[in-house]
Every structure is written in C-alpha cells, then in structure tokens.
$ cat data_26.cif   # mmCIF, C-alpha atoms
data_entry
loop_
_atom_site.label_atom_id
_atom_site.label_comp_id
_atom_site.auth_asym_id
_atom_site.auth_seq_id
_atom_site.Cartn_x
_atom_site.Cartn_y
_atom_site.Cartn_z
CA MET A 33 0.00 0.00 0.00
CA ARG A 34 1.26 3.45 -0.88
CA ALA A 35 1.28 6.42 1.50
CA ARG A 36 2.02 9.95 0.32
CA VAL A 37 3.39 12.39 2.90
CA PHE A 38 3.46 16.16 2.27
CA VAL A 39 5.67 18.17 4.61
CA THR A 40 5.33 21.96 4.58
CA LEU A 41 6.66 24.76 6.72
CA LYS A 42 4.05 26.03 9.19
CA PRO A 43 2.31 29.19 7.91
CA SER A 44 4.07 31.35 10.51
CA VAL A 45 7.53 30.23 9.33
CA PHE A 46 9.22 32.28 6.60
CA ASP A 47 9.91 30.26 3.45
CA PRO A 48 12.95 31.75 1.69
CA GLN A 49 12.94 29.10 -1.07
CA GLY A 50 9.33 29.88 -1.93
CA ARG A 51 10.06 33.61 -1.84
CA THR A 52 12.98 33.17 -4.23
CA ILE A 53 10.80 31.16 -6.63
CA VAL A 54 8.10 33.89 -6.63
CA GLU A 55 10.68 36.55 -7.38
CA ALA A 56 12.17 34.45 -10.20
CA LEU A 57 8.69 33.91 -11.66
CA HIS A 58 7.89 37.62 -11.52
CA SER A 59 11.15 38.42 -13.28
CA LEU A 60 10.12 35.91 -15.98
CA GLY A 61 6.78 37.71 -16.39
CA TYR A 62 4.53 35.37 -14.40
CA ASP A 63 2.90 38.16 -12.37
CA SER A 64 -0.28 36.16 -11.71
CA VAL A 65 1.64 33.83 -9.39
CA GLU A 66 1.04 35.57 -6.06
CA ASP A 67 2.78 33.25 -3.64
CA VAL A 68 4.74 29.99 -3.59
CA ARG A 69 5.45 27.71 -0.65
CA GLN A 70 7.91 24.87 -1.10
CA GLY A 71 7.68 21.63 0.78
CA LYS A 72 8.83 18.04 0.66
CA TYR A 73 6.98 15.09 -0.77
CA PHE A 74 7.51 11.42 0.09
CA GLU A 75 6.03 8.26 -1.42
CA LEU A 76 6.22 5.32 0.99
CA ASP A 77 5.61 1.74 -0.13
CA LEU A 78 4.28 -0.11 2.90
CA ALA A 79 3.98 -3.87 3.47
CA THR A 80 0.38 -3.72 4.67
CA THR A 81 -3.05 -3.76 3.04
CA ASP A 82 -4.85 -2.19 6.01
CA GLU A 83 -5.51 1.52 5.43
CA GLY A 84 -5.61 2.35 9.14
CA LYS A 85 -2.30 0.61 9.78
CA ALA A 86 -0.73 2.30 6.76
CA ARG A 87 -1.86 5.72 7.97
CA ALA A 88 -0.60 5.09 11.51
CA LEU A 89 2.77 3.85 10.24
CA ALA A 90 3.17 6.82 7.88
CA ALA A 91 2.32 9.25 10.70
CA ASP A 92 4.84 7.56 12.98
CA VAL A 93 7.56 7.77 10.32
CA ALA A 94 6.69 11.41 9.56
CA ASP A 95 6.91 12.32 13.25
CA LYS A 96 10.21 10.52 13.77
CA LEU A 97 12.11 11.18 10.57
CA LEU A 98 10.42 13.09 7.77
CA ALA A 99 9.20 16.28 9.46
CA ASN A 100 10.57 18.65 12.06
CA PRO A 101 7.48 19.24 14.22
CA ILE A 102 8.84 22.55 15.54
CA ILE A 103 8.61 24.32 12.19
CA GLU A 104 6.86 21.87 9.85
CA SER A 105 3.49 20.22 9.57
CA TYR A 106 2.55 17.24 7.42
CA ARG A 107 -0.42 15.69 5.71
CA ILE A 108 -0.88 12.04 4.73
CA GLU A 109 -2.85 10.49 1.87
CA ILE A 110 -3.28 6.73 1.52
CA GLY A 111 -3.81 4.73 -1.65
CA MET B 82 -6.85 29.71 -6.79
CA ARG B 83 -4.34 27.24 -5.41
CA ALA B 84 -2.32 24.81 -7.51
CA ARG B 85 -0.29 22.01 -5.98
CA VAL B 86 2.67 20.69 -7.96
CA PHE B 87 4.39 17.41 -7.08
CA VAL B 88 7.79 16.86 -8.66
CA THR B 89 9.32 13.40 -8.48
CA LEU B 90 12.31 11.73 -10.05
CA LYS B 91 11.35 9.53 -12.99
CA PRO B 92 11.08 5.85 -11.99
CA SER B 93 14.25 4.97 -13.93
CA VAL B 94 16.33 7.54 -12.02
CA PHE B 95 18.07 6.37 -8.83
CA ASP B 96 16.90 8.29 -5.73
CA PRO B 97 19.74 8.32 -3.17
CA GLN B 98 17.77 10.45 -0.68
CA GLY B 99 14.90 7.99 -0.69
CA ARG B 100 17.33 5.07 -0.37
CA THR B 101 18.99 6.71 2.65
CA ILE B 102 15.59 7.26 4.29
CA VAL B 103 14.62 3.58 3.80
CA GLU B 104 17.90 2.45 5.34
CA ALA B 105 17.44 4.83 8.30
CA LEU B 106 13.90 3.52 8.82
CA HIS B 107 15.05 -0.11 8.70
CA SER B 108 17.74 0.65 11.28
CA LEU B 109 14.98 2.17 13.46
CA GLY B 110 12.96 -1.05 13.15
CA TYR B 111 10.42 0.04 10.51
CA ASP B 112 10.89 -3.04 8.35
CA SER B 113 7.43 -2.78 6.78
CA VAL B 114 8.50 0.34 4.87
CA GLU B 115 9.63 -1.28 1.62
CA ASP B 116 10.60 1.76 -0.44
CA VAL B 117 10.70 5.55 -0.22
CA ARG B 118 10.91 8.09 -3.03
CA GLN B 119 11.52 11.72 -2.16
CA GLY B 120 10.22 14.58 -4.24
CA LYS B 121 9.41 18.26 -4.07
CA TYR B 122 6.07 19.83 -3.36
CA PHE B 123 4.96 23.35 -4.29
CA GLU B 124 1.83 25.29 -3.40
CA LEU B 125 1.16 28.12 -5.87
CA ASP B 126 -1.35 30.90 -5.16
CA LEU B 127 -2.61 32.06 -8.55
CA ALA B 128 -4.54 35.23 -9.42
CA THR B 129 -7.19 33.43 -11.45
CA THR B 130 -10.49 31.72 -10.72
CA ASP B 131 -10.50 29.66 -13.94
CA GLU B 132 -9.42 26.07 -13.31
CA GLY B 133 -8.20 25.53 -16.86
CA LYS B 134 -6.07 28.68 -16.80
CA ALA B 135 -4.71 27.78 -13.37
CA ARG B 136 -3.69 24.32 -14.60
CA ALA B 137 -2.07 25.72 -17.76
CA LEU B 138 -0.15 28.33 -15.76
CA ALA B 139 1.02 25.78 -13.19
CA ALA B 140 2.18 23.44 -15.98
CA ASP B 141 4.06 26.28 -17.66
CA VAL B 142 5.77 27.22 -14.40
CA ALA B 143 6.60 23.58 -13.65
CA ASP B 144 8.14 23.13 -17.12
CA LYS B 145 10.19 26.31 -16.92
CA LEU B 146 11.30 26.46 -13.30
CA LEU B 147 10.12 23.78 -10.88
CA ALA B 148 11.03 20.53 -12.61
CA ASN B 149 13.97 19.29 -14.64
CA PRO B 150 12.20 17.42 -17.45
CA ILE B 151 15.26 15.26 -18.19
CA ILE B 152 15.11 13.41 -14.88
CA GLU B 153 11.88 14.55 -13.20
CA SER B 154 8.17 14.35 -13.87
CA TYR B 155 5.42 16.35 -12.21
CA ARG B 156 1.74 16.15 -11.38
CA ILE B 157 -0.63 19.06 -10.81
CA GLU B 158 -3.73 19.28 -8.61
CA ILE B 159 -6.00 22.34 -8.63
CA GLY B 160 -8.20 23.64 -5.82
#
$ encode --input "data_26.cif" --output "structure tokens"
Amino acid sequence: MRARVFVTLKPSVFDPQGRTIVEALHSLGYDSVEDVRQGKYFELDLATTDEGKARALAADVADKLLANPIIESYRIEIG
Amino acid sequence: MRARVFVTLKPSVFDPQGRTIVEALHSLGYDSVEDVRQGKYFELDLATTDEGKARALAADVADKLLANPIIESYRIEIG
C-alpha cells in the first residue's frame, strides 16, 4: 500500500525558497503567481493492506524522521 | 486559486535520498516500509479563478522552473 506524505513549513515560518521562486517567476513575467510555498513530498511503499495501519505507520515515520514538528506540519494520503 | 505541484524523479532515475531514508527507517525497526521516493512539493497561489487557466499556468511554471524534465516528472492538482 502506498502512503504519500506532504511536509510543509508552518504558515508562521518564513519560506525563503518559496520567496525566491516567486521573485524568479515575476522576473520571468509570471505576475499572476502571487505566492509559492515549497515543501517536501515522500512516497512510501508499505507492506500492509490495512488503510488504518498504513496511515498510523506513515504518521509515525513522519513524526520521527520526515518532518521537524517545531517548524513543519505534514499531511498524509493513503492509496 | 491554489495549484499544488508534485515533482518526483522519474522511476528509472536512482533516488539516493529515498534510499537513505529507507535504510534509516530499517535501522529504526520500521521493516514494513519497503521503499521511499523523495520529491518536491509546491503550493502556488494564482490570481485566477478559472481552473483551466490555473492548470495551464502551473504546468508552464513547472516546465520552466520547478522541474527538470530530463530526470523529473510532475503532477498538478488544482483547488
């Protein structure tokens, strides 16, 4: 079963990568892009067919290794 | 309107970051995580309310700036 984990900086945390991308886009003429936030994306292949177990395992892994809970939050999608 | 862009290495391209994460997880006892692929995730705030235009703009931006089409592919979700 596949779990997808999206890790993003919390809204209150400044995102210099996203800011740089917006400025680059504006200099290329893409003025209708108002804001960009960059995050990380992980695809986990899990040896389980139980959706609840997959979600719990992905959350555990995100807490321990994939996200820094001080400045980042994450979201999980299963399937 | 918000567009979400997921950039991942093409399946044929070796992902050393993902490999390192799997090995770290196995050493922590998470043996049921069989594989990990790491990618990038972008949230774009766009000054349009037309879904078609938002998707076209996000694809243009992904082609030009967010993804390297030689080794990466991307997927776009709107809304």
$ resolve_selection --input "data_26.cif" --expression "the PyMOL selection byres ((chain A) within 10 of (chain B))" --output "ChimeraX atom specification"
/A:33-40,50,53-54,56-57,60,62-80,86,89-90,92-93,96-98
$ atom_distance --input "data_26.cif" --atom1 "CA of Tyr106 in chain A" --atom2 "CA of Ala88 in chain A"
13.2 Å
$ atom_distance --input "data_26.cif" --atom1 "CA of Ala140 in chain B" --atom2 "CA of Arg156 in chain B"
8.6 Å
$ axis_aligned_box --input "data_26.cif" --around "range 103-118 of chain B" --padding-each-side "5 Å" --output "JSON"
{"center_x": 12.7, "center_y": 2.5, "center_z": 5.2, "size_x": 20.5, "size_y": 21.1, "size_z": 26.5}
$ closest_residue --input "data_26.cif" --among "A:Glu109, A:Ile102, A:Ser59, A:Lys85" --to "Ser44 in chain A" --atoms "only C-alpha atoms"
A:Ile102
$ closest_residue --input "data_26.cif" --among "B:Gly110, B:Thr130, B:Gln98, B:Ile157" --to "Asp144 in chain B" --atoms "only C-alpha atoms"
B:Ile157
$ atom_distance --input "data_26.cif" --atom1 "CA of Ala99 in chain A" --atom2 "CA of Phe46 in chain A"
16.3 Å
$ decode --input "data_26.cif" --residues "range 126-142 of chain B" --atoms "all heavy atoms" --output "PDB file, in the first residue's frame"
ATOM      1  N   ASP B 126      -0.136  30.079  -5.217  1.00  0.00           N
ATOM      2  CA  ASP B 126      -1.351  30.895  -5.162  1.00  0.00           C
ATOM      3  C   ASP B 126      -1.429  31.703  -6.449  1.00  0.00           C
ATOM      4  O   ASP B 126      -0.543  32.523  -6.725  1.00  0.00           O
ATOM      5  CB  ASP B 126      -1.314  31.832  -3.945  1.00  0.00           C
ATOM      6  CG  ASP B 126      -1.551  31.069  -2.649  1.00  0.00           C
ATOM      7  OD1 ASP B 126      -2.140  29.976  -2.718  1.00  0.00           O
ATOM      8  OD2 ASP B 126      -1.139  31.565  -1.587  1.00  0.00           O
ATOM      9  N   LEU B 127      -2.508  31.468  -7.217  1.00  0.00           N
ATOM     10  CA  LEU B 127      -2.609  32.062  -8.547  1.00  0.00           C
ATOM     11  C   LEU B 127      -3.761  33.059  -8.602  1.00  0.00           C
ATOM     12  O   LEU B 127      -4.832  32.816  -8.038  1.00  0.00           O
ATOM     13  CB  LEU B 127      -2.846  30.962  -9.595  1.00  0.00           C
ATOM     14  CG  LEU B 127      -1.812  29.828  -9.585  1.00  0.00           C
ATOM     15  CD1 LEU B 127      -2.217  28.744 -10.569  1.00  0.00           C
ATOM     16  CD2 LEU B 127      -0.430  30.365  -9.905  1.00  0.00           C
ATOM     17  N   ALA B 128      -3.529  34.172  -9.304  1.00  0.00           N
ATOM     18  CA  ALA B 128      -4.536  35.233  -9.418  1.00  0.00           C
ATOM     19  C   ALA B 128      -5.494  34.916 -10.556  1.00  0.00           C
ATOM     20  O   ALA B 128      -5.614  35.688 -11.520  1.00  0.00           O
ATOM     21  CB  ALA B 128      -3.849  36.582  -9.634  1.00  0.00           C
ATOM     22  N   THR B 129      -6.163  33.776 -10.472  1.00  0.00           N
ATOM     23  CA  THR B 129      -7.187  33.430 -11.452  1.00  0.00           C
ATOM     24  C   THR B 129      -8.228  32.558 -10.771  1.00  0.00           C
ATOM     25  O   THR B 129      -7.926  31.881  -9.786  1.00  0.00           O
ATOM     26  CB  THR B 129      -6.589  32.680 -12.662  1.00  0.00           C
ATOM     27  OG1 THR B 129      -7.648  32.274 -13.530  1.00  0.00           O
ATOM     28  CG2 THR B 129      -5.822  31.442 -12.222  1.00  0.00           C
ATOM     29  N   THR B 130      -9.453  32.582 -11.268  1.00  0.00           N
ATOM     30  CA  THR B 130     -10.489  31.716 -10.718  1.00  0.00           C
ATOM     31  C   THR B 130     -10.896  30.651 -11.734  1.00  0.00           C
ATOM     32  O   THR B 130     -11.822  29.887 -11.501  1.00  0.00           O
ATOM     33  CB  THR B 130     -11.740  32.530 -10.320  1.00  0.00           C
ATOM     34  OG1 THR B 130     -12.160  33.301 -11.449  1.00  0.00           O
ATOM     35  CG2 THR B 130     -11.425  33.467  -9.158  1.00  0.00           C
ATOM     36  N   ASP B 131     -10.183  30.615 -12.869  1.00  0.00           N
ATOM     37  CA  ASP B 131     -10.504  29.660 -13.937  1.00  0.00           C
ATOM     38  C   ASP B 131      -9.599  28.438 -13.780  1.00  0.00           C
ATOM     39  O   ASP B 131      -8.367  28.549 -13.833  1.00  0.00           O
ATOM     40  CB  ASP B 131     -10.281  30.348 -15.289  1.00  0.00           C
ATOM     41  CG  ASP B 131     -10.604  29.438 -16.459  1.00  0.00           C
ATOM     42  OD1 ASP B 131      -9.880  28.437 -16.659  1.00  0.00           O
ATOM     43  OD2 ASP B 131     -11.584  29.720 -17.166  1.00  0.00           O
ATOM     44  N   GLU B 132     -10.218  27.263 -13.579  1.00  0.00           N
ATOM     45  CA  GLU B 132      -9.422  26.067 -13.308  1.00  0.00           C
ATOM     46  C   GLU B 132      -8.507  25.709 -14.476  1.00  0.00           C
ATOM     47  O   GLU B 132      -7.356  25.308 -14.279  1.00  0.00           O
ATOM     48  CB  GLU B 132     -10.347  24.892 -12.962  1.00  0.00           C
ATOM     49  CG  GLU B 132      -9.547  23.649 -12.611  1.00  0.00           C
ATOM     50  CD  GLU B 132     -10.394  22.507 -12.064  1.00  0.00           C
ATOM     51  OE1 GLU B 132     -11.496  22.776 -11.548  1.00  0.00           O
ATOM     52  OE2 GLU B 132      -9.937  21.354 -12.162  1.00  0.00           O
ATOM     53  N   GLY B 133      -9.014  25.858 -15.681  1.00  0.00           N
ATOM     54  CA  GLY B 133      -8.203  25.535 -16.862  1.00  0.00           C
ATOM     55  C   GLY B 133      -6.977  26.425 -16.962  1.00  0.00           C
ATOM     56  O   GLY B 133      -5.865  25.962 -17.240  1.00  0.00           O
ATOM     57  N   LYS B 134      -7.202  27.747 -16.739  1.00  0.00           N
ATOM     58  CA  LYS B 134      -6.072  28.682 -16.795  1.00  0.00           C
ATOM     59  C   LYS B 134      -5.071  28.394 -15.684  1.00  0.00           C
ATOM     60  O   LYS B 134      -3.864  28.482 -15.880  1.00  0.00           O
ATOM     61  CB  LYS B 134      -6.583  30.124 -16.660  1.00  0.00           C
ATOM     62  CG  LYS B 134      -7.138  30.695 -17.956  1.00  0.00           C
ATOM     63  CD  LYS B 134      -7.487  32.175 -17.786  1.00  0.00           C
ATOM     64  CE  LYS B 134      -8.279  32.683 -18.990  1.00  0.00           C
ATOM     65  NZ  LYS B 134      -8.989  33.925 -18.717  1.00  0.00           N
ATOM     66  N   ALA B 135      -5.593  28.066 -14.499  1.00  0.00           N
ATOM     67  CA  ALA B 135      -4.707  27.777 -13.368  1.00  0.00           C
ATOM     68  C   ALA B 135      -3.837  26.567 -13.690  1.00  0.00           C
ATOM     69  O   ALA B 135      -2.626  26.563 -13.441  1.00  0.00           O
ATOM     70  CB  ALA B 135      -5.535  27.527 -12.107  1.00  0.00           C
ATOM     71  N   ARG B 136      -4.452  25.538 -14.277  1.00  0.00           N
ATOM     72  CA  ARG B 136      -3.692  24.318 -14.595  1.00  0.00           C
ATOM     73  C   ARG B 136      -2.638  24.605 -15.663  1.00  0.00           C
ATOM     74  O   ARG B 136      -1.488  24.148 -15.567  1.00  0.00           O
ATOM     75  CB  ARG B 136      -4.659  23.223 -15.077  1.00  0.00           C
ATOM     76  CG  ARG B 136      -4.025  21.865 -15.259  1.00  0.00           C
ATOM     77  CD  ARG B 136      -5.074  20.814 -15.594  1.00  0.00           C
ATOM     78  NE  ARG B 136      -5.962  20.538 -14.480  1.00  0.00           N
ATOM     79  CZ  ARG B 136      -5.659  19.697 -13.481  1.00  0.00           C
ATOM     80  NH1 ARG B 136      -4.519  19.044 -13.488  1.00  0.00           N
ATOM     81  NH2 ARG B 136      -6.511  19.501 -12.505  1.00  0.00           N
ATOM     82  N   ALA B 137      -3.028  25.397 -16.685  1.00  0.00           N
ATOM     83  CA  ALA B 137      -2.074  25.715 -17.758  1.00  0.00           C
ATOM     84  C   ALA B 137      -0.903  26.532 -17.221  1.00  0.00           C
ATOM     85  O   ALA B 137       0.264  26.289 -17.569  1.00  0.00           O
ATOM     86  CB  ALA B 137      -2.801  26.472 -18.871  1.00  0.00           C
ATOM     87  N   LEU B 138      -1.211  27.493 -16.338  1.00  0.00           N
ATOM     88  CA  LEU B 138      -0.150  28.327 -15.764  1.00  0.00           C
ATOM     89  C   LEU B 138       0.783  27.492 -14.890  1.00  0.00           C
ATOM     90  O   LEU B 138       2.017  27.613 -14.981  1.00  0.00           O
ATOM     91  CB  LEU B 138      -0.783  29.465 -14.949  1.00  0.00           C
ATOM     92  CG  LEU B 138       0.177  30.409 -14.221  1.00  0.00           C
ATOM     93  CD1 LEU B 138       1.135  31.069 -15.190  1.00  0.00           C
ATOM     94  CD2 LEU B 138      -0.608  31.476 -13.451  1.00  0.00           C
ATOM     95  N   ALA B 139       0.194  26.621 -14.070  1.00  0.00           N
ATOM     96  CA  ALA B 139       1.019  25.784 -13.195  1.00  0.00           C
ATOM     97  C   ALA B 139       1.916  24.860 -14.021  1.00  0.00           C
ATOM     98  O   ALA B 139       3.090  24.652 -13.686  1.00  0.00           O
ATOM     99  CB  ALA B 139       0.130  24.972 -12.253  1.00  0.00           C
ATOM    100  N   ALA B 140       1.384  24.325 -15.127  1.00  0.00           N
ATOM    101  CA  ALA B 140       2.180  23.442 -15.983  1.00  0.00           C
ATOM    102  C   ALA B 140       3.326  24.212 -16.626  1.00  0.00           C
ATOM    103  O   ALA B 140       4.463  23.714 -16.719  1.00  0.00           O
ATOM    104  CB  ALA B 140       1.285  22.807 -17.047  1.00  0.00           C
ATOM    105  N   ASP B 141       3.040  25.445 -17.039  1.00  0.00           N
ATOM    106  CA  ASP B 141       4.063  26.282 -17.659  1.00  0.00           C
ATOM    107  C   ASP B 141       5.192  26.555 -16.657  1.00  0.00           C
ATOM    108  O   ASP B 141       6.385  26.427 -16.982  1.00  0.00           O
ATOM    109  CB  ASP B 141       3.390  27.587 -18.103  1.00  0.00           C
ATOM    110  CG  ASP B 141       4.163  28.278 -19.213  1.00  0.00           C
ATOM    111  OD1 ASP B 141       5.045  27.641 -19.805  1.00  0.00           O
ATOM    112  OD2 ASP B 141       3.876  29.465 -19.469  1.00  0.00           O
ATOM    113  N   VAL B 142       4.793  26.924 -15.452  1.00  0.00           N
ATOM    114  CA  VAL B 142       5.767  27.224 -14.400  1.00  0.00           C
ATOM    115  C   VAL B 142       6.579  25.968 -14.041  1.00  0.00           C
ATOM    116  O   VAL B 142       7.806  26.035 -13.835  1.00  0.00           O
ATOM    117  CB  VAL B 142       5.027  27.780 -13.164  1.00  0.00           C
ATOM    118  CG1 VAL B 142       5.902  27.718 -11.932  1.00  0.00           C
ATOM    119  CG2 VAL B 142       4.560  29.210 -13.429  1.00  0.00           C
TER     120      VAL B 142
END
